[in-house]
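Have a look at input07.txt; it's compact mmCIF, C-alpha atoms and all ligand atoms:
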# COMPACT_ATOMS: atom_id res chain seq x y z
CA MET C 78 118.31 182.74 -141.98
CA LEU C 79 115.21 184.51 -143.28
CA GLY C 80 111.83 183.17 -142.34
CA TYR C 81 112.30 183.12 -138.57
CA ASP C 82 109.55 185.13 -136.95
CA PHE C 83 110.93 186.91 -133.89
CA PRO C 84 108.69 189.69 -132.61
CA VAL C 85 110.54 192.89 -131.75
CA PRO C 86 109.98 193.28 -128.00
CA PRO C 87 107.71 196.19 -127.16
CA HIS C 88 109.40 199.20 -125.54
CA SER C 89 110.18 198.01 -122.08
CA ASP C 90 112.70 198.60 -119.37
CA ARG C 91 113.00 194.87 -118.88
CA GLY C 92 114.96 192.96 -121.47
CA ASN C 93 115.78 189.28 -121.33
CA LEU C 94 118.97 187.68 -120.13
CA ILE C 95 119.64 184.49 -122.09
CA THR C 96 122.65 182.48 -120.95
CA PHE C 97 124.53 179.71 -122.76
CA GLU C 98 126.11 176.93 -120.79
CA GLY C 99 128.02 173.76 -121.47
CA LEU C 100 131.44 172.17 -121.45
CA ASP C 101 134.52 173.72 -123.03
CA GLY C 102 134.27 173.28 -126.79
CA CYS C 103 130.58 172.28 -126.89
CA GLY C 104 129.92 175.15 -129.31
CA LYS C 105 128.54 177.98 -127.14
CA SER C 106 130.35 180.83 -128.89
CA THR C 107 129.54 179.38 -132.31
CA GLN C 108 125.85 179.18 -131.47
CA ILE C 109 125.64 182.61 -129.82
CA GLU C 110 127.12 184.16 -132.94
CA ARG C 111 124.59 182.40 -135.16
CA LEU C 112 121.64 183.25 -132.94
CA ALA C 113 122.72 186.89 -132.66
CA ALA C 114 122.89 187.15 -136.46
CA VAL C 115 119.31 185.89 -136.75
CA LEU C 116 118.03 188.23 -134.04
CA ILE C 117 119.79 191.24 -135.53
CA GLN C 118 118.29 190.35 -138.90
CA GLN C 119 114.90 190.56 -137.19
CA SER C 120 115.77 193.98 -135.68
CA VAL C 121 115.74 192.57 -132.16
CA PRO C 122 118.03 194.68 -129.92
CA VAL C 123 120.80 192.29 -128.91
CA LEU C 124 123.88 192.50 -126.74
CA VAL C 125 126.41 189.65 -126.87
CA THR C 126 128.76 189.28 -123.94
CA ARG C 127 130.73 186.63 -122.08
CA GLU C 128 131.98 185.42 -118.73
CA PRO C 129 134.38 185.51 -117.14
CA GLY C 130 134.97 188.89 -118.75
CA GLY C 131 132.64 191.28 -120.51
CA THR C 132 134.23 194.40 -118.94
CA PRO C 133 137.83 195.70 -119.02
CA THR C 134 138.38 194.58 -115.41
CA GLY C 135 136.56 191.32 -116.03
CA GLU C 136 138.76 190.54 -119.03
CA LYS C 137 141.86 190.99 -116.86
CA ILE C 138 140.36 188.60 -114.32
CA ARG C 139 139.55 186.22 -117.19
CA GLN C 140 143.18 186.13 -118.15
CA VAL C 141 144.22 185.22 -114.62
CA LEU C 142 141.56 182.52 -114.46
CA LEU C 143 142.06 180.91 -117.87
CA ASP C 144 145.77 181.29 -118.57
CA SER C 145 147.61 178.04 -117.89
CA SER C 146 150.55 180.00 -116.47
CA THR C 147 148.36 180.73 -113.42
CA HIS C 148 149.52 178.15 -110.90
CA GLY C 149 148.33 177.24 -107.42
CA LEU C 150 145.07 179.18 -107.45
CA SER C 151 142.97 177.74 -104.62
CA PRO C 152 139.42 176.66 -105.52
CA MET C 153 137.98 179.34 -103.20
CA ALA C 154 140.18 182.03 -104.75
CA GLU C 155 139.04 180.85 -108.19
CA LEU C 156 135.42 181.06 -107.03
CA ALA C 157 135.94 184.58 -105.67
CA LEU C 158 137.55 185.79 -108.90
CA MET C 159 134.68 184.40 -110.97
CA PHE C 160 132.23 186.35 -108.85
CA ALA C 161 134.34 189.52 -108.83
CA ALA C 162 134.22 189.53 -112.63
CA ARG C 163 130.50 188.71 -112.61
CA ALA C 164 129.52 191.45 -110.14
CA GLN C 165 131.30 194.02 -112.31
CA HIS C 166 129.75 192.60 -115.46
CA ILE C 167 126.22 192.73 -114.07
CA SER C 168 126.49 196.29 -112.80
CA SER C 169 128.25 197.85 -115.77
CA VAL C 170 127.00 195.80 -118.73
CA ILE C 171 124.12 193.40 -118.09
CA GLN C 172 121.80 195.52 -115.96
CA PRO C 173 122.08 198.64 -118.15
CA ALA C 174 121.36 196.56 -121.26
CA LEU C 175 118.34 194.91 -119.64
CA ALA C 176 117.11 198.35 -118.55
CA GLU C 177 117.23 199.40 -122.23
CA GLY C 178 115.07 196.39 -123.12
CA ARG C 179 117.84 194.46 -124.85
CA ILE C 180 118.14 190.72 -125.29
CA VAL C 181 121.44 189.93 -123.59
CA LEU C 182 123.12 186.77 -124.88
CA CYS C 183 125.70 185.82 -122.29
CA ASP C 184 128.32 183.13 -122.91
CA ARG C 185 128.41 181.43 -119.46
CA PHE C 186 126.98 182.75 -116.20
CA THR C 187 126.54 181.49 -112.62
CA ASP C 188 125.60 177.96 -113.72
CA SER C 189 129.17 177.65 -115.01
CA THR C 190 130.45 178.52 -111.55
CA GLU C 191 128.12 176.00 -109.94
CA ALA C 192 129.19 173.33 -112.46
CA TYR C 193 132.96 174.01 -112.57
CA GLN C 194 133.79 175.28 -109.08
CA GLY C 195 130.83 173.61 -107.31
CA GLY C 196 130.97 170.30 -109.24
CA GLY C 197 134.38 170.14 -110.91
CA ARG C 198 136.34 171.57 -107.97
CA LYS C 199 133.99 169.92 -105.45
CA LEU C 200 133.11 173.11 -103.55
CA GLY C 201 129.42 172.20 -103.74
CA SER C 202 126.52 174.38 -104.79
CA ASP C 203 125.91 176.18 -101.48
CA PRO C 204 128.80 178.69 -101.58
CA VAL C 205 128.07 179.42 -105.24
CA LEU C 206 124.38 180.10 -104.71
CA ALA C 207 125.09 182.13 -101.55
CA LEU C 208 127.62 184.32 -103.37
CA HIS C 209 125.22 184.73 -106.25
CA ARG C 210 122.60 186.08 -103.85
CA ILE C 211 125.05 188.39 -102.06
CA LEU C 212 127.12 189.67 -104.99
CA CYS C 213 124.76 189.41 -107.94
CA GLY C 214 121.42 190.31 -106.35
CA ASP C 215 120.31 186.79 -107.30
CA LEU C 216 119.86 187.91 -110.92
CA GLN C 217 118.32 184.98 -112.80
CA PRO C 218 118.40 184.52 -116.57
CA SER C 219 114.96 184.32 -118.18
CA LEU C 220 116.33 181.44 -120.23
CA THR C 221 119.41 179.25 -120.01
CA ILE C 222 120.39 177.03 -122.90
CA LEU C 223 122.44 174.12 -121.64
CA MET C 224 124.31 172.61 -124.57
CA ASP C 225 124.79 169.02 -123.53
CA SER C 226 127.73 167.18 -125.09
CA ASP C 227 130.26 164.43 -124.53
CA ALA C 228 133.12 165.57 -122.34
CA THR C 229 135.95 164.01 -124.28
CA ALA C 230 134.85 165.21 -127.73
CA SER C 231 134.05 168.76 -126.55
CA VAL C 232 137.24 169.35 -124.63
CA GLU C 233 139.34 167.95 -127.47
CA ARG C 234 137.61 170.40 -129.83
CA ALA C 235 138.38 173.29 -127.48
CA ARG C 236 142.02 172.21 -127.22
CA ARG C 237 142.35 172.02 -131.02
CA ARG C 238 140.72 175.44 -131.41
CA ASN C 239 143.06 177.01 -128.83
CA ARG C 240 146.13 175.52 -130.51
CA SER C 241 145.12 177.01 -133.84
CA ARG C 242 144.36 180.50 -132.49
CA ALA C 243 147.00 183.18 -132.29
CA THR C 244 146.98 186.60 -130.66
CA PRO C 245 147.97 189.70 -132.68
CA SER C 246 151.46 189.48 -131.16
CA GLY C 247 151.78 186.01 -132.65
CA THR C 248 151.86 184.14 -129.34
CA PRO C 249 149.33 181.37 -128.83
CA ASN C 250 146.14 182.52 -127.17
CA ASP C 251 146.36 180.64 -123.90
CA GLU C 252 142.93 179.99 -122.40
CA ASN C 253 143.85 176.43 -121.54
CA ARG C 254 143.91 176.24 -117.74
CA PHE C 255 140.59 174.40 -117.38
CA GLU C 256 141.16 172.31 -120.49
CA GLN C 257 144.12 170.69 -118.73
CA GLU C 258 141.75 169.07 -116.25
CA ASN C 259 141.05 165.37 -116.62
CA ARG C 260 138.02 163.50 -117.86
CA ALA C 261 136.66 162.91 -114.34
CA PHE C 262 136.65 166.68 -113.74
CA PHE C 263 134.58 167.32 -116.87
CA GLU C 264 132.22 164.45 -116.05
CA ARG C 265 131.57 166.12 -112.67
CA VAL C 266 130.97 169.42 -114.46
CA ARG C 267 128.54 167.82 -116.89
CA ASN C 268 126.66 166.05 -114.08
CA ALA C 269 126.42 169.27 -112.07
CA TYR C 270 124.94 171.02 -115.11
CA LEU C 271 122.32 168.28 -115.49
CA VAL C 272 121.41 168.58 -111.79
CA ILE C 273 120.84 172.33 -112.27
CA ALA C 274 118.64 171.64 -115.31
CA ALA C 275 116.55 169.12 -113.37
CA ARG C 276 116.23 171.54 -110.43
CA GLU C 277 115.17 174.52 -112.57
CA PRO C 278 113.29 173.16 -115.58
CA HIS C 279 111.41 176.43 -116.15
CA ARG C 280 114.65 178.32 -116.73
CA VAL C 281 117.04 175.75 -118.17
CA VAL C 282 116.45 174.04 -121.51
CA VAL C 283 118.82 171.21 -122.42
CA VAL C 284 119.79 171.13 -126.08
CA ASP C 285 121.67 168.22 -127.66
CA ALA C 286 124.93 169.72 -128.93
CA ARG C 287 126.50 166.51 -130.26
CA GLY C 288 125.36 166.92 -133.85
CA PRO C 289 126.37 169.37 -136.58
CA ALA C 290 126.27 173.08 -135.66
CA GLU C 291 123.26 173.61 -137.94
CA ALA C 292 121.18 171.01 -136.09
CA THR C 293 122.00 172.63 -132.74
CA HIS C 294 121.19 176.05 -134.20
CA GLN C 295 117.73 174.90 -135.24
CA GLN C 296 116.98 173.62 -131.75
CA ILE C 297 118.16 176.88 -130.19
CA ILE C 298 116.12 178.99 -132.61
CA GLN C 299 112.96 177.16 -131.61
CA VAL C 300 113.62 177.49 -127.89
CA VAL C 301 114.46 181.19 -128.09
CA GLN C 302 111.58 181.98 -130.40
CA ARG C 303 109.14 180.38 -127.96
CA LYS C 304 110.65 182.30 -125.04
CA LEU C 305 110.66 185.70 -126.74
CA LYS C 306 107.11 185.32 -128.00
CA LEU C 307 105.98 184.46 -124.49
CA ALA C 308 107.88 187.45 -123.09
CA ALA C 309 106.38 189.78 -125.69
CA ASN C 310 102.87 188.55 -124.87
CA THR C 311 103.25 189.11 -121.14
CA THR C 312 104.66 192.67 -121.18
N1 LIG Y 401 128.46 171.21 -133.78
C1 LIG Y 401 129.76 171.28 -134.00
N2 LIG Y 401 130.40 170.26 -134.58
C2 LIG Y 401 131.73 170.29 -134.80
N3 LIG Y 401 132.54 171.32 -134.47
C3 LIG Y 401 131.96 172.37 -133.88
C4 LIG Y 401 130.55 172.42 -133.61
N4 LIG Y 401 130.26 173.60 -133.00
C5 LIG Y 401 131.45 174.25 -132.89
N5 LIG Y 401 132.46 173.53 -133.43
C6 LIG Y 401 133.89 173.87 -133.43
O1 LIG Y 401 134.40 173.42 -132.17
C7 LIG Y 401 135.29 174.38 -131.62
C8 LIG Y 401 134.73 174.87 -130.29
O2 LIG Y 401 133.54 175.62 -130.52
P1 LIG Y 401 133.22 176.92 -129.69
O3 LIG Y 401 134.45 177.78 -129.57
O4 LIG Y 401 131.98 177.53 -130.24
O5 LIG Y 401 132.91 176.24 -128.26
P2 LIG Y 401 132.69 176.93 -126.85
O6 LIG Y 401 131.62 176.14 -126.19
O7 LIG Y 401 132.47 178.38 -127.01
O8 LIG Y 401 134.08 176.64 -126.14
P3 LIG Y 401 134.72 177.38 -124.85
O9 LIG Y 401 133.91 176.98 -123.66
O10 LIG Y 401 136.12 176.83 -124.79
O11 LIG Y 401 134.67 178.86 -125.13
C9 LIG Y 401 135.43 175.49 -132.65
O12 LIG Y 401 136.58 175.22 -133.41
C10 LIG Y 401 134.15 175.37 -133.48
O13 LIG Y 401 134.35 175.81 -134.80
MG MG Y 402 133.53 180.03 -126.27

Using structure tokens, write down the structure that the file contains.
Amino acid sequence: MLGYDFPVPPHSDRGNLITFEGLDGCGKSTQIERLAAVLIQQSVPVLVTREPGGTPTGEKIRQVLLDSSTHGLSPMAELALMFAARAQHISSVIQPALAEGRIVLCDRFTDSTEAYQGGGRKLGSDPVLALHRILCGDLQPSLTILMDSDATASVERARRRNRSRATPSGTPNDENRFEQENRAFFERVRNAYLVIAAREPHRVVVVDARGPAEATHQQIIQVVQRKLKLAANTT
């Protein structure tokens, strides 16, 4: 872990929003945890957060969205709930942290909505991008790491992880609603992600997440290091 050379950002009221994207089970949370540990070691001010969620209200919305006991949610209602959680998250967590000059590592953001609701649920990108402009002030990450992986292997990993997790009350932690979707759904999600990456190459960096976690970590370290050095040199 030592030996990485991250500059501490100069005092600034503009931090960096770095988002992590990819299919269920591709390793986003694993990699965010590892990256955060390295950044903290380097005294970089970091905030780790996630979507949907990240605020008390957002976590309640997360439960509605991810719990497999939620039945019959229309795709548009699902889209609206994702953005309700996001708008709250931006105003009460992300923007204040950026104003303090923090590096915000966010597990999923609007690209997830474009990929899952736009691609997976076939709503298309237009409503997602329009809502992002209206409800989120069009806030764009300075860097998005898209962890590309095989749909079947990733989702199976996520299912296994969810089966083995338990809540403090002893009941299984049910965040399985999306993982019940079929392979075609996740192929549409993956393709939608790749379309976003091709459309916005300056923001989105595709990282191969098929290998061991350490190999993915090394790729992410390099990408983030380059981005933060550039940011430090331009402020
Ligand atoms: N590179 C890897 N190779 C094998 N297993 C991995 C790798 N990275 C993570 N895992 C394991 O796969 C499972 C899913 O990883 P993780 O929870 O980080 O994925 P995620 O992208 O955050 O999933 P979700 O979208 O469902 O939150 C975990 O059990 C984790 O330990
Ligand atoms: Mg996760």

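Using only C-alpha atoms, the shortest contact distance between Val281 (chain C) and any of C:Gly104, C:Pro129, C:Gly99, C:Gly196 is found at C:Gly99.
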
Could you give me the residues within 7 Å of ligand MG 402 (chain Y), counting all atoms listed in the file, as number ranges by chain?
-> C: 102, 104-106, 184

Could I get the residues of chain C with an atom no further than 6 Å from an atom of ligand LIG 401 (chain Y), each paired with its nearest atom pair and that distance in Å to one decimal, using all atoms listed in the file, sorted by chain and residue number, as a Markdown table?
| residue | atom | partner | partner_atom | distance |
| --- | --- | --- | --- | --- |
| C:Leu100 | CA | Y:LIG401 | O9 | 5.8 |
| C:Asp101 | CA | Y:LIG401 | O9 | 3.4 |
| C:Gly102 | CA | Y:LIG401 | O8 | 3.4 |
| C:Cys103 | CA | Y:LIG401 | O6 | 4.1 |
| C:Gly104 | CA | Y:LIG401 | O4 | 3.3 |
| C:Lys105 | CA | Y:LIG401 | O6 | 3.7 |
| C:Ser106 | CA | Y:LIG401 | O7 | 3.7 |
| C:Thr107 | CA | Y:LIG401 | O4 | 3.7 |
| C:Arg234 | CA | Y:LIG401 | C7 | 4.9 |
| C:Ala235 | CA | Y:LIG401 | C8 | 4.9 |
| C:Arg238 | CA | Y:LIG401 | O12 | 4.6 |
| C:Gly288 | CA | Y:LIG401 | N1 | 5.3 |
| C:Pro289 | CA | Y:LIG401 | N1 | 3.9 |
| C:Ala290 | CA | Y:LIG401 | N1 | 3.4 |

Which one is closest to Gln299 (chain C): C:Ser169, C:Gly149, C:Ile222, C:Thr229? Count only C-alpha atoms.
-> C:Ile222

Name the closest residue to Leu212 (chain C) among the candidates C:Val232, C:Ile297, C:Ile95, C:Ala162; distances are taken between atoms, counting all atoms listed in the file.
->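 Between C:Val232, C:Ile297, C:Ile95, C:Ala162, the residue approaching Leu212 (chain C) most closely is C:Ala162.
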
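Of note, CA of Val301 (chain C) and CA of Glu252 (chain C) are spaced 29.1 Å apart.
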
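Coordinates place CA of Ala192 (chain C) at a distance of 16.0 Å from CA of Arg280 (chain C).
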
Find the residues near region 264-276 of chain C: any atom within 9 Å, counting only C-alpha atoms, skip ones fewer than 4 places away on the same chain, and give them as an MDAnalysis selection string.
-> chainID C and resid 98:100 188:189 191:199 202 221 223 225:228 259:260 280:283

Could you pull region 155-276 of chain C out of the structure I just pasted and write it to a file containing C-alpha atoms, as a PDB file, in the first residue's frame?
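And here's decode_39.pdb as it stands now:
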ATOM      1  CA  GLU C 155     -38.223   3.051 -10.246  1.00  0.00           C
ATOM      2  CA  LEU C 156     -36.524   5.830 -12.210  1.00  0.00           C
ATOM      3  CA  ALA C 157     -38.187   8.516 -10.088  1.00  0.00           C
ATOM      4  CA  LEU C 158     -37.158   6.842  -6.831  1.00  0.00           C
ATOM      5  CA  MET C 159     -33.544   6.575  -7.996  1.00  0.00           C
ATOM      6  CA  PHE C 160     -33.513  10.302  -8.680  1.00  0.00           C
ATOM      7  CA  ALA C 161     -35.314  11.189  -5.449  1.00  0.00           C
ATOM      8  CA  ALA C 162     -32.542   9.443  -3.511  1.00  0.00           C
ATOM      9  CA  ARG C 163     -29.871  11.051  -5.698  1.00  0.00           C
ATOM     10  CA  ALA C 164     -31.196  14.607  -5.359  1.00  0.00           C
ATOM     11  CA  GLN C 165     -31.158  14.247  -1.570  1.00  0.00           C
ATOM     12  CA  HIS C 166     -27.707  12.680  -1.642  1.00  0.00           C
ATOM     13  CA  ILE C 167     -26.235  15.468  -3.756  1.00  0.00           C
ATOM     14  CA  SER C 168     -27.662  18.278  -1.655  1.00  0.00           C
ATOM     15  CA  SER C 169     -26.949  16.872   1.794  1.00  0.00           C
ATOM     16  CA  VAL C 170     -23.777  14.814   1.283  1.00  0.00           C
ATOM     17  CA  ILE C 171     -21.977  15.187  -2.053  1.00  0.00           C
ATOM     18  CA  GLN C 172     -22.064  18.951  -2.558  1.00  0.00           C
ATOM     19  CA  PRO C 173     -21.022  19.800   1.016  1.00  0.00           C
ATOM     20  CA  ALA C 174     -18.110  17.345   0.782  1.00  0.00           C
ATOM     21  CA  LEU C 175     -16.983  18.767  -2.558  1.00  0.00           C
ATOM     22  CA  ALA C 176     -17.221  22.277  -1.087  1.00  0.00           C
ATOM     23  CA  GLU C 177     -14.808  21.138   1.653  1.00  0.00           C
ATOM     24  CA  GLY C 178     -12.377  19.961  -1.024  1.00  0.00           C
ATOM     25  CA  ARG C 179     -12.909  16.258  -0.394  1.00  0.00           C
ATOM     26  CA  ILE C 180     -12.439  13.400  -2.821  1.00  0.00           C
ATOM     27  CA  VAL C 181     -15.882  11.799  -2.903  1.00  0.00           C
ATOM     28  CA  LEU C 182     -15.839   8.116  -3.876  1.00  0.00           C
ATOM     29  CA  CYS C 183     -19.388   7.243  -4.835  1.00  0.00           C
ATOM     30  CA  ASP C 184     -20.531   3.658  -5.417  1.00  0.00           C
ATOM     31  CA  ARG C 185     -22.869   4.144  -8.431  1.00  0.00           C
ATOM     32  CA  PHE C 186     -24.294   7.403  -9.752  1.00  0.00           C
ATOM     33  CA  THR C 187     -26.391   8.544 -12.722  1.00  0.00           C
ATOM     34  CA  ASP C 188     -24.607   6.221 -15.176  1.00  0.00           C
ATOM     35  CA  SER C 189     -26.169   3.343 -13.232  1.00  0.00           C
ATOM     36  CA  THR C 190     -29.599   4.839 -13.850  1.00  0.00           C
ATOM     37  CA  GLU C 191     -28.854   5.287 -17.540  1.00  0.00           C
ATOM     38  CA  ALA C 192     -27.569   1.699 -17.762  1.00  0.00           C
ATOM     39  CA  TYR C 193     -30.203  -0.080 -15.609  1.00  0.00           C
ATOM     40  CA  GLN C 194     -33.373   1.961 -16.134  1.00  0.00           C
ATOM     41  CA  GLY C 195     -32.383   3.410 -19.537  1.00  0.00           C
ATOM     42  CA  GLY C 196     -30.801   0.215 -20.934  1.00  0.00           C
ATOM     43  CA  GLY C 197     -32.000  -2.659 -18.749  1.00  0.00           C
ATOM     44  CA  ARG C 198     -35.589  -1.427 -18.396  1.00  0.00           C
ATOM     45  CA  LYS C 199     -35.557   0.043 -21.917  1.00  0.00           C
ATOM     46  CA  LEU C 200     -36.591   3.575 -20.908  1.00  0.00           C
ATOM     47  CA  GLY C 201     -33.785   5.005 -23.042  1.00  0.00           C
ATOM     48  CA  SER C 202     -31.217   7.609 -22.095  1.00  0.00           C
ATOM     49  CA  ASP C 203     -33.309  10.741 -22.735  1.00  0.00           C
ATOM     50  CA  PRO C 204     -35.498  10.696 -19.595  1.00  0.00           C
ATOM     51  CA  VAL C 205     -32.479   9.840 -17.456  1.00  0.00           C
ATOM     52  CA  LEU C 206     -30.331  12.668 -18.788  1.00  0.00           C
ATOM     53  CA  ALA C 207     -33.263  15.122 -18.616  1.00  0.00           C
ATOM     54  CA  LEU C 208     -33.956  14.240 -14.982  1.00  0.00           C
ATOM     55  CA  HIS C 209     -30.276  14.510 -14.187  1.00  0.00           C
ATOM     56  CA  ARG C 210     -30.267  18.063 -15.533  1.00  0.00           C
ATOM     57  CA  ILE C 211     -33.474  19.046 -13.717  1.00  0.00           C
ATOM     58  CA  LEU C 212     -32.984  17.292 -10.368  1.00  0.00           C
ATOM     59  CA  CYS C 213     -29.215  17.063 -10.022  1.00  0.00           C
ATOM     60  CA  GLY C 214     -28.088  20.342 -11.584  1.00  0.00           C
ATOM     61  CA  ASP C 215     -26.298  18.190 -14.181  1.00  0.00           C
ATOM     62  CA  LEU C 216     -23.528  17.452 -11.649  1.00  0.00           C
ATOM     63  CA  GLN C 217     -20.841  15.498 -13.498  1.00  0.00           C
ATOM     64  CA  PRO C 218     -18.183  13.338 -11.849  1.00  0.00           C
ATOM     65  CA  SER C 219     -14.617  14.407 -12.611  1.00  0.00           C
ATOM     66  CA  LEU C 220     -13.849  10.726 -13.113  1.00  0.00           C
ATOM     67  CA  THR C 221     -15.955   7.608 -13.555  1.00  0.00           C
ATOM     68  CA  ILE C 222     -14.382   4.186 -13.292  1.00  0.00           C
ATOM     69  CA  LEU C 223     -16.428   1.695 -15.247  1.00  0.00           C
ATOM     70  CA  MET C 224     -15.524  -1.796 -14.061  1.00  0.00           C
ATOM     71  CA  ASP C 225     -16.254  -3.945 -17.069  1.00  0.00           C
ATOM     72  CA  SER C 226     -17.033  -7.604 -16.384  1.00  0.00           C
ATOM     73  CA  ASP C 227     -18.933 -10.612 -17.655  1.00  0.00           C
ATOM     74  CA  ALA C 228     -22.592 -10.449 -16.746  1.00  0.00           C
ATOM     75  CA  THR C 229     -23.059 -14.047 -15.702  1.00  0.00           C
ATOM     76  CA  ALA C 230     -19.970 -14.269 -13.482  1.00  0.00           C
ATOM     77  CA  SER C 231     -20.584 -10.897 -11.795  1.00  0.00           C
ATOM     78  CA  VAL C 232     -24.229 -11.416 -11.005  1.00  0.00           C
ATOM     79  CA  GLU C 233     -23.563 -14.911  -9.689  1.00  0.00           C
ATOM     80  CA  ARG C 234     -20.922 -13.432  -7.368  1.00  0.00           C
ATOM     81  CA  ALA C 235     -23.404 -10.836  -6.117  1.00  0.00           C
ATOM     82  CA  ARG C 236     -26.032 -13.521  -5.517  1.00  0.00           C
ATOM     83  CA  ARG C 237     -23.562 -15.657  -3.552  1.00  0.00           C
ATOM     84  CA  ARG C 238     -22.476 -12.646  -1.493  1.00  0.00           C
ATOM     85  CA  ASN C 239     -26.082 -11.719  -0.681  1.00  0.00           C
ATOM     86  CA  ARG C 240     -26.910 -15.272   0.376  1.00  0.00           C
ATOM     87  CA  SER C 241     -23.995 -15.307   2.795  1.00  0.00           C
ATOM     88  CA  ARG C 242     -24.755 -11.915   4.366  1.00  0.00           C
ATOM     89  CA  ALA C 243     -27.001 -11.562   7.369  1.00  0.00           C
ATOM     90  CA  THR C 244     -28.475  -8.503   9.050  1.00  0.00           C
ATOM     91  CA  PRO C 245     -28.037  -7.996  12.822  1.00  0.00           C
ATOM     92  CA  SER C 246     -31.537  -9.417  13.335  1.00  0.00           C
ATOM     93  CA  GLY C 247     -30.377 -12.614  11.671  1.00  0.00           C
ATOM     94  CA  THR C 248     -32.588 -12.308   8.596  1.00  0.00           C
ATOM     95  CA  PRO C 249     -30.903 -12.441   5.197  1.00  0.00           C
ATOM     96  CA  ASN C 250     -29.954  -9.045   3.856  1.00  0.00           C
ATOM     97  CA  ASP C 251     -32.236  -8.839   0.847  1.00  0.00           C
ATOM     98  CA  GLU C 252     -30.830  -6.580  -1.861  1.00  0.00           C
ATOM     99  CA  ASN C 253     -31.739  -9.051  -4.567  1.00  0.00           C
ATOM    100  CA  ARG C 254     -34.445  -7.385  -6.657  1.00  0.00           C
ATOM    101  CA  PHE C 255     -32.196  -6.522  -9.610  1.00  0.00           C
ATOM    102  CA  GLU C 256     -30.195  -9.724  -9.309  1.00  0.00           C
ATOM    103  CA  GLN C 257     -33.356 -11.654 -10.177  1.00  0.00           C
ATOM    104  CA  GLU C 258     -33.286 -10.177 -13.669  1.00  0.00           C
ATOM    105  CA  ASN C 259     -32.180 -12.402 -16.523  1.00  0.00           C
ATOM    106  CA  ARG C 260     -28.996 -12.486 -18.541  1.00  0.00           C
ATOM    107  CA  ALA C 261     -30.475 -10.402 -21.385  1.00  0.00           C
ATOM    108  CA  PHE C 262     -31.256  -7.615 -18.900  1.00  0.00           C
ATOM    109  CA  PHE C 263     -27.654  -7.498 -17.668  1.00  0.00           C
ATOM    110  CA  GLU C 264     -26.301  -7.646 -21.228  1.00  0.00           C
ATOM    111  CA  ARG C 265     -28.396  -4.547 -22.017  1.00  0.00           C
ATOM    112  CA  VAL C 266     -27.031  -2.880 -18.876  1.00  0.00           C
ATOM    113  CA  ARG C 267     -23.452  -3.706 -19.834  1.00  0.00           C
ATOM    114  CA  ASN C 268     -23.949  -2.445 -23.400  1.00  0.00           C
ATOM    115  CA  ALA C 269     -25.511   0.789 -22.146  1.00  0.00           C
ATOM    116  CA  TYR C 270     -22.492   1.340 -19.893  1.00  0.00           C
ATOM    117  CA  LEU C 271     -20.131   0.850 -22.839  1.00  0.00           C
ATOM    118  CA  VAL C 272     -22.134   3.350 -24.913  1.00  0.00           C
ATOM    119  CA  ILE C 273     -21.753   5.929 -22.124  1.00  0.00           C
ATOM    120  CA  ALA C 274     -18.001   5.281 -21.982  1.00  0.00           C
ATOM    121  CA  ALA C 275     -17.663   5.749 -25.741  1.00  0.00           C
ATOM    122  CA  ARG C 276     -19.746   8.942 -25.610  1.00  0.00           C
TER     123      ARG C 276
END
